[in-house]
Amino acid sequence: METNKQVTKAASNRATASVSKRMSHTLMEKWKDFSFAVPALLFMGVFLYYPLGYSVYISFTNWNMTRPVKKFVGVDNYTRLLGSADFYQSLKVTFLYTLMDVVFTLVIGLLLALLLNVSSSRLFGFMRGVIFMPYYVSMVVAAMVFTWIYNGQYGLLNSVVSWFGMDPVQWLTNPSTALPALVAVSVWKGVGFAMILFIAGMRGIPAEYYEAASIDGASKLRQFRNITLPLLSPMTLFLVITSFISSMQVFQSIDVMTDGGPLKATNAIVYWIYTMAFDEFKTGRASALVMILFVIILLLTLVQWVVSRKKVHYEG
């Protein structure tokens, strides 16, 4: 009897040791996998999360970078900004720019995708490559080139306008044309990327859907409305969100081409943050504006995501 108990106890101990060994091995494997992510987490912590947290702290101070003292002022920076007419003007400029940029980029990109997806010939491939190429051009370089194109005296665009007997236009110094001129640069750069993604989305739609629709007598327009658009909605959502976030942070083209003018017609929020921090040295208030912009982008992105859940169709 005693021997049976000893055997049972020994078996139990071996089973416990085996389970403990397996758990230890599994834990070591998990730590090994986690160790590969440590460099990336450290990088993000140093260059993303720490600056973000420090910016939150600065937004509650009156620091102006010309002195080391950071006096705590509470929400004073936020109340001053939200009560300023310049804030709402800058917000209006940012939203107008974003709306025009996103709409024109997606619409023109979709039209180009429909036009250039009909053939896999070398000519069409070359045309797709030419349209996509500006995506790789630096925004600073593109802005410098378009500054010459928009020049009111000797610019290429005014030379074309003169062919039609029209007077030269001061594209970048006229408040009514400066913002659309900046949007045109962004659309020129981004429309090729949207086109390529839309083409990829279209080629992922099974041909059987179109064949069945043709047998039922559906026209090309109806096929586009009832098949292509719904099945492109995941790609459209991706482009809308990424384009929205990028456009809300427009800076480089404004810095190179207009300096926020004329008459603050192109003074978008990110450019205003830059001038407030590094020209006026109001670092605390600029940090508060960063936080406000962060919250605006986050909330509007969540709204787009929630609203689109009923509109986006995933195949299968």
# chains A, B, ... in the order shown; residues from 1 in each chain; ligands from 1

$ residues_around --residues "region 146-156 of chain A" --least-positions-apart "4" --cutoff "12 Å" --atoms "only C-alpha atoms" --output "VMD selection string"
chain A and resid 139 to 142 160 to 163 167 to 174 177 to 178 180 to 186 188 to 189 253 to 258

$ atom_distance --atom1 "CA of Phe294 (chain A)" --atom2 "CA of Val103 (chain A)"
22.0 Å

$ select_by_dssp --residues "region 3-183 of chain A" --states "helix (DSSP H, G or I)" --output "number ranges by chain"
A: 3-58, 76-82, 85-116, 122-136, 139-149, 156-163, 175-183

$ atom_distance --atom1 "CA of Arg225 (chain A)" --atom2 "CA of Leu237 (chain A)"
16.5 Å

$ residues_around --residues "Ser59 (chain A)" --least-positions-apart "6" --cutoff "9 Å" --atoms "only C-alpha atoms" --output "PyMOL selection string"
chain A and resi 73-75+77-78+283-291

$ atom_distance --atom1 "CA of Val107 (chain A)" --atom2 "CA of Leu239 (chain A)"
11.1 Å

$ residues_around --residues "Ile245 (chain A)" --least-positions-apart "6" --cutoff "9 Å" --atoms "only C-alpha atoms" --output "MDAnalysis selection string"
chainID A and resid 98 297:298 301

$ residues_around --residues "region 195-211 of chain A" --least-positions-apart "5" --cutoff "12 Å" --atoms "only C-alpha atoms" --output "number ranges by chain"
A: 104-120, 125, 127-133, 135, 187-190, 216-239, 313-316
